[in-house]
Amino acid sequence: MKSLYDASRVAEVKDRLARLQTESPRLWGKMNAPQAVAHCCLALDWALGDRHPPRLFAGRILGRIVKPFVFRDDEPLRRNSPTSPDLLIADQRDLAKERERLCAQIDRFAAGGPSACTTNPHPFFGRLTAEEWAILMYKHLDHHLRQFGA
C-alpha cells in the first residue's frame, strides 16, 4: 500500500504540493488550499506525536468498524469525509509558509521512520501501527491534494 515511508510517494506528494496554488478551486469541502495545507500539518502533528488529541466519542463507537475499510487497499478517502474539530482551520493562511511547514513535516516523518511515529491513539481509529500511520498520512495528503486537482 502507498505510504509516506516510501521515498517515491514522498516525492510524488511534494511535487503535487508544489503545483497547488492559493486560488486553486476546491472540488469539495469548505477549506481553501492554504487552509487545507495547514490542516494537513496538524494531522502530521498527530502522527509525529507533537499533538495528542482526545479520542472522539464517534471514533470509540465507529472507529474499529471503519478502520478495516480505510486500510484494506489504496482506495482514496471519500470526499467530504468528516474531520476532527481539532483539525479545523477557519482563519486565512499563507500557502507558501504552510507548504514549507508541511514539506518539513513530511520529511521529518519519512526520515524518522517507525521510531519517529507516535504511539498515541488516533482520535477516530484508536491504536495504529507506525505503518498504518504512514498509510493514513499518505491517504490524507492525497485526499486534500485531489480536493484541489493537484
# chains A, B, ... in the order shown; residues from 1 in each chain; ligands from 1

$ residues_around --residues "His140 in chain A" --least-positions-apart "2" --cutoff "9 Å" --atoms "only C-alpha atoms" --output "count of residues only"
12

$ residues_around --residues "range 61-67 of chain A" --least-positions-apart "3" --cutoff "7 Å" --atoms "only C-alpha atoms" --output "VMD selection string"
chain A and resid 57 to 58 70 to 71 124 to 126

$ write_last_selection --atoms "C-alpha atoms" --output "JSON list (two decimals), in the first residue's frame"
[["chain", "number", "residue", "atom", "x", "y", "z"],
["A", 57, "PHE", "CA", -16.88, 9.62, 21.01],
["A", 58, "ALA", "CA", -17.88, 8.64, 17.45],
["A", 70, "VAL", "CA", -9.70, 2.52, 5.14],
["A", 71, "PHE", "CA", -6.67, 0.24, 5.42],
["A", 124, "PHE", "CA", -11.11, 8.19, 15.49],
["A", 125, "PHE", "CA", -9.36, 4.90, 14.65],
["A", 126, "GLY", "CA", -7.67, 4.29, 18.00]]

$ closest_residue --among "A:Leu42, A:Leu88, A:Leu128, A:Val37" --to "Arg16 in chain A" --atoms "only C-alpha atoms"
A:Val37

$ residues_around --residues "Gln105 in chain A" --least-positions-apart "6" --cutoff "9 Å" --atoms "only C-alpha atoms" --output "PDB file with N, CA and C atoms, in the first residue's frame"
ATOM      1  N   CYS A  41      -0.898  19.789   8.036  1.00  0.00           N
ATOM      2  CA  CYS A  41       0.193  19.960   9.007  1.00  0.00           C
ATOM      3  C   CYS A  41      -0.249  19.500  10.388  1.00  0.00           C
ATOM      4  N   LEU A  44      -0.319  15.736  10.596  1.00  0.00           N
ATOM      5  CA  LEU A  44       1.020  15.166  10.752  1.00  0.00           C
ATOM      6  C   LEU A  44       1.559  15.415  12.159  1.00  0.00           C
ATOM      7  N   ASP A  45       1.116  16.486  12.804  1.00  0.00           N
ATOM      8  CA  ASP A  45       1.463  16.694  14.221  1.00  0.00           C
ATOM      9  C   ASP A  45       0.996  15.504  15.056  1.00  0.00           C
ATOM     10  N   LEU A  48       3.258  12.465  14.319  1.00  0.00           N
ATOM     11  CA  LEU A  48       4.599  12.648  14.882  1.00  0.00           C
ATOM     12  C   LEU A  48       4.581  12.701  16.411  1.00  0.00           C
TER      13      LEU A  48
END

$ atom_distance --atom1 "CA of Phe109 in chain A" --atom2 "CA of Val10 in chain A"
10.0 Å

$ atom_distance --atom1 "CA of Pro82 in chain A" --atom2 "CA of Ala96 in chain A"
26.0 Å

$ closest_residue --among "A:Phe148, A:Tyr5, A:Phe69, A:Trp28" --to "Ala116 in chain A" --atoms "only C-alpha atoms"
A:Tyr5

$ atom_distance --atom1 "CA of Ala47 in chain A" --atom2 "CA of Cys117 in chain A"
5.8 Å

$ residues_around --residues "Gln92 in chain A" --least-positions-apart "5" --cutoff "9 Å" --atoms "only C-alpha atoms" --output "PyMOL selection string"
chain A and resi 32+34-35

$ closest_residue --among "A:Leu87, A:Ala7, A:Ile106, A:Ala150" --to "Leu27 in chain A" --atoms "only C-alpha atoms"
A:Ala150

$ closest_residue --among "A:Arg79, A:Arg60, A:Lys2, A:Arg93" --to "Pro121 in chain A" --atoms "only C-alpha atoms"
A:Arg60

$ closest_residue --among "A:Asp6, A:Glu12, A:Asp94, A:Glu23" --to "Ala110 in chain A" --atoms "only C-alpha atoms"
A:Asp6
